[in-house]
Structures are given as C-alpha cells and as structure tokens.
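Asks: Quick one: the structure is below, and I'll ask about it shortly.
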Amino acid sequence: MKNYDATLTVKKLIAYCNSVAGYDILLSASAMVSASVSHIITYSVTAGGATVTTAADGSETAATNKVTEKTSLDRIDFYGADITITVNETDYLSAVTSTYAGTIKITLISN
C-alpha cells in the first residue's frame, strides 16, 4: 500500500482526567523536515473534533478546534480517538531521498 494517497490511522489517543472543572485536549503539528535536505513534506492530522494542516515552512501549527472539551465532571472521564494523517501527495512525490521527521503534539489542559 502506498502511504501518500490515503488517510492512515497512526495512533490511538487515550486520556483520562479527574478534574471536577473538566478539561480540554488540543492538537498541533509541524511538517516533516529533513536535517540533510531543504524539502518539506506537509500533511493534515485529525484527532476527535480537531484537524490541522501543517505549514509549508515547517513551523508548528495549532488546530482551530479542540480535540474535545469537557466543562465539568462528576466522575473520572475517559476519552479516546484515532489520530489520522493524510500526507500531501505532491510534497511526498517531489521529495528527495532522506529521513524526514515531523511532530504531532497532543496537549491535555485541566480546567
């Protein structure tokens, strides 16, 4: 299977929180870059209600929506979601051979 023309599930996000005031889960990501070449491969990542498309300059980009948010809790809350990625096909096919690395950041904030 080619890995540049499909949406792939790469991880499962599992979180729990016991804050009575609730919590938010945020998503951000940075494009795949190489230490040895100047090419950048962008992609979109989705988790829960959040989607972010990485910036062409490789900087970290935050999703405008939250993965999830809970405004209050009356018991411990568990949350789970797939983390999926869709690679930019044009960037991928024009990339020279190298090792590329990007970052996906999930942040849980207790209210």
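Starting from 1 in every chain, residues are counted up; chains themselves are A, B, ... following the order of the structure tokens, and ligands are numbered from 1 as listed.
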Find the residues near A:Ile83: any atom within 6 Å, counting only C-alpha atoms, skip ones fewer than 6 places away on the same chain, and give them as a list in words.
Replies: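 Selected residues are Thr9, Val10, Lys11, Lys12, Thr46 and Ala47 of chain A.
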Asks: Among the residues of chain A, find those DSSP assigns to strand (DSSP E) from the backbone and print them as a PyMOL selection string.
Replies: chain A and resi 7-17+23-34+40-41+43-47+50-53+61-62+68-70+77-87+100-110
Asks: Only C-alpha atoms, please: the residues just picked out, written as a PDB file, in the first residue's frame.
Replies:
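File result11.pdb, as written:
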```pdb
ATOM      1  CA  THR A   7      -5.739   8.605   5.264  1.00  0.00           C
ATOM      2  CA  LEU A   8      -3.826   6.438   7.724  1.00  0.00           C
ATOM      3  CA  THR A   9      -4.537   5.863  11.410  1.00  0.00           C
ATOM      4  CA  VAL A  10      -1.176   6.258  13.131  1.00  0.00           C
ATOM      5  CA  LYS A  11      -2.043   6.177  16.839  1.00  0.00           C
ATOM      6  CA  LYS A  12      -4.888   5.986  19.301  1.00  0.00           C
ATOM      7  CA  LEU A  13      -5.285   8.899  21.703  1.00  0.00           C
ATOM      8  CA  ILE A  14      -6.429   7.770  25.142  1.00  0.00           C
ATOM      9  CA  ALA A  15      -6.759  10.247  28.001  1.00  0.00           C
ATOM     10  CA  TYR A  16      -8.451  10.468  31.336  1.00  0.00           C
ATOM     11  CA  CYS A  17      -8.994  13.290  33.763  1.00  0.00           C
ATOM     12  CA  TYR A  23     -10.507  19.585  30.627  1.00  0.00           C
ATOM     13  CA  ASP A  24      -9.586  20.457  27.047  1.00  0.00           C
ATOM     14  CA  ILE A  25      -7.450  18.463  24.625  1.00  0.00           C
ATOM     15  CA  LEU A  26      -5.593  20.481  21.968  1.00  0.00           C
ATOM     16  CA  LEU A  27      -3.818  19.422  18.765  1.00  0.00           C
ATOM     17  CA  SER A  28      -0.862  20.933  16.911  1.00  0.00           C
ATOM     18  CA  ALA A  29       1.648  19.627  14.381  1.00  0.00           C
ATOM     19  CA  SER A  30       4.703  20.553  12.347  1.00  0.00           C
ATOM     20  CA  ALA A  31       5.540  19.379   8.827  1.00  0.00           C
ATOM     21  CA  MET A  32       8.078  16.659   8.106  1.00  0.00           C
ATOM     22  CA  VAL A  33      11.528  18.134   7.557  1.00  0.00           C
ATOM     23  CA  SER A  34      14.946  16.664   6.911  1.00  0.00           C
ATOM     24  CA  ILE A  40       9.397  19.843   3.488  1.00  0.00           C
ATOM     25  CA  ILE A  41       6.507  17.364   3.366  1.00  0.00           C
ATOM     26  CA  TYR A  43       0.269  16.724   5.916  1.00  0.00           C
ATOM     27  CA  SER A  44      -3.086  17.019   7.677  1.00  0.00           C
ATOM     28  CA  VAL A  45      -3.704  15.374  11.023  1.00  0.00           C
ATOM     29  CA  THR A  46      -7.070  14.766  12.677  1.00  0.00           C
ATOM     30  CA  ALA A  47      -7.995  13.713  16.212  1.00  0.00           C
ATOM     31  CA  ALA A  50      -9.693  18.891  15.579  1.00  0.00           C
ATOM     32  CA  THR A  51      -7.875  18.964  12.242  1.00  0.00           C
ATOM     33  CA  VAL A  52      -4.689  20.817  11.423  1.00  0.00           C
ATOM     34  CA  THR A  53      -2.765  21.128   8.159  1.00  0.00           C
ATOM     35  CA  THR A  61       0.559  24.952  13.576  1.00  0.00           C
ATOM     36  CA  ALA A  62      -2.296  24.657  16.081  1.00  0.00           C
ATOM     37  CA  THR A  68     -12.508  17.550  22.843  1.00  0.00           C
ATOM     38  CA  GLU A  69     -13.581  19.663  25.771  1.00  0.00           C
ATOM     39  CA  LYS A  70     -15.454  18.888  28.965  1.00  0.00           C
ATOM     40  CA  ASP A  77     -13.710  10.872  32.444  1.00  0.00           C
ATOM     41  CA  PHE A  78     -12.038   8.728  29.795  1.00  0.00           C
ATOM     42  CA  TYR A  79     -11.639   9.901  26.199  1.00  0.00           C
ATOM     43  CA  GLY A  80     -10.389   8.044  23.124  1.00  0.00           C
ATOM     44  CA  ALA A  81      -9.930   8.969  19.462  1.00  0.00           C
ATOM     45  CA  ASP A  82      -7.952   7.823  16.440  1.00  0.00           C
ATOM     46  CA  ILE A  83      -5.143  10.072  15.231  1.00  0.00           C
ATOM     47  CA  THR A  84      -5.144  10.034  11.420  1.00  0.00           C
ATOM     48  CA  ILE A  85      -2.764  11.560   8.895  1.00  0.00           C
ATOM     49  CA  THR A  86      -3.165  12.439   5.219  1.00  0.00           C
ATOM     50  CA  VAL A  87       0.170  13.265   3.564  1.00  0.00           C
ATOM     51  CA  TYR A 100      12.065  13.208   7.414  1.00  0.00           C
ATOM     52  CA  ALA A 101      10.553  13.845  10.834  1.00  0.00           C
ATOM     53  CA  GLY A 102       7.507  15.828  11.920  1.00  0.00           C
ATOM     54  CA  THR A 103       5.831  16.387  15.257  1.00  0.00           C
ATOM     55  CA  ILE A 104       2.250  15.864  16.378  1.00  0.00           C
ATOM     56  CA  LYS A 105       1.529  17.374  19.790  1.00  0.00           C
ATOM     57  CA  ILE A 106      -1.482  16.499  21.938  1.00  0.00           C
ATOM     58  CA  THR A 107      -1.985  18.716  24.995  1.00  0.00           C
ATOM     59  CA  LEU A 108      -4.395  17.947  27.837  1.00  0.00           C
ATOM     60  CA  ILE A 109      -5.281  21.010  29.909  1.00  0.00           C
ATOM     61  CA  SER A 110      -7.116  20.552  33.194  1.00  0.00           C
TER      62      SER A 110
END
```
Asks: Can you tell me how far atom CA of A:Ser98 sits from atom CA of A:Ala6, in Å to one decimal?
Replies: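 So the answer is 21.4 Å.
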Asks: Which residues, written as a list of chain:residue names, have at least one atom at most 9 Å from A:Val96, with only C-alpha atoms counted and residues fewer than 4 positions away on the same chain left out?
Replies: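 My list of contacting residues is A:Val37, A:His39, A:Tyr92.
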Asks: Please produce a file of the residues just selected, as a PDB file, in the first residue's frame, where the atoms kept are N, CA and C atoms.
Replies:
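Below you can see again-v6.pdb, which holds the result:
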```pdb
ATOM      1  N   VAL A  37      18.383  17.794   3.821  1.00  0.00           N
ATOM      2  CA  VAL A  37      17.897  18.426   2.589  1.00  0.00           C
ATOM      3  C   VAL A  37      16.892  19.509   2.965  1.00  0.00           C
ATOM      4  N   HIS A  39      13.886  20.109   1.603  1.00  0.00           N
ATOM      5  CA  HIS A  39      12.500  19.819   1.235  1.00  0.00           C
ATOM      6  C   HIS A  39      11.633  19.608   2.474  1.00  0.00           C
ATOM      7  N   TYR A  92       5.112  14.795  -1.116  1.00  0.00           N
ATOM      8  CA  TYR A  92       5.717  13.477  -0.939  1.00  0.00           C
ATOM      9  C   TYR A  92       6.403  12.997  -2.223  1.00  0.00           C
TER      10      TYR A  92
END
```
Asks: As an exercise, work out the distance from atom CA of A:Val20 to atom CA of A:Arg75 in Å and give it to one decimal place.
Replies: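 These two atoms are separated by 7.6 Å.
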Asks: For atom CA of A:Thr90 and atom CA of A:Asp57, determine how far apart the two atoms are, in Å to one decimal place.
Replies: 15.4 Å
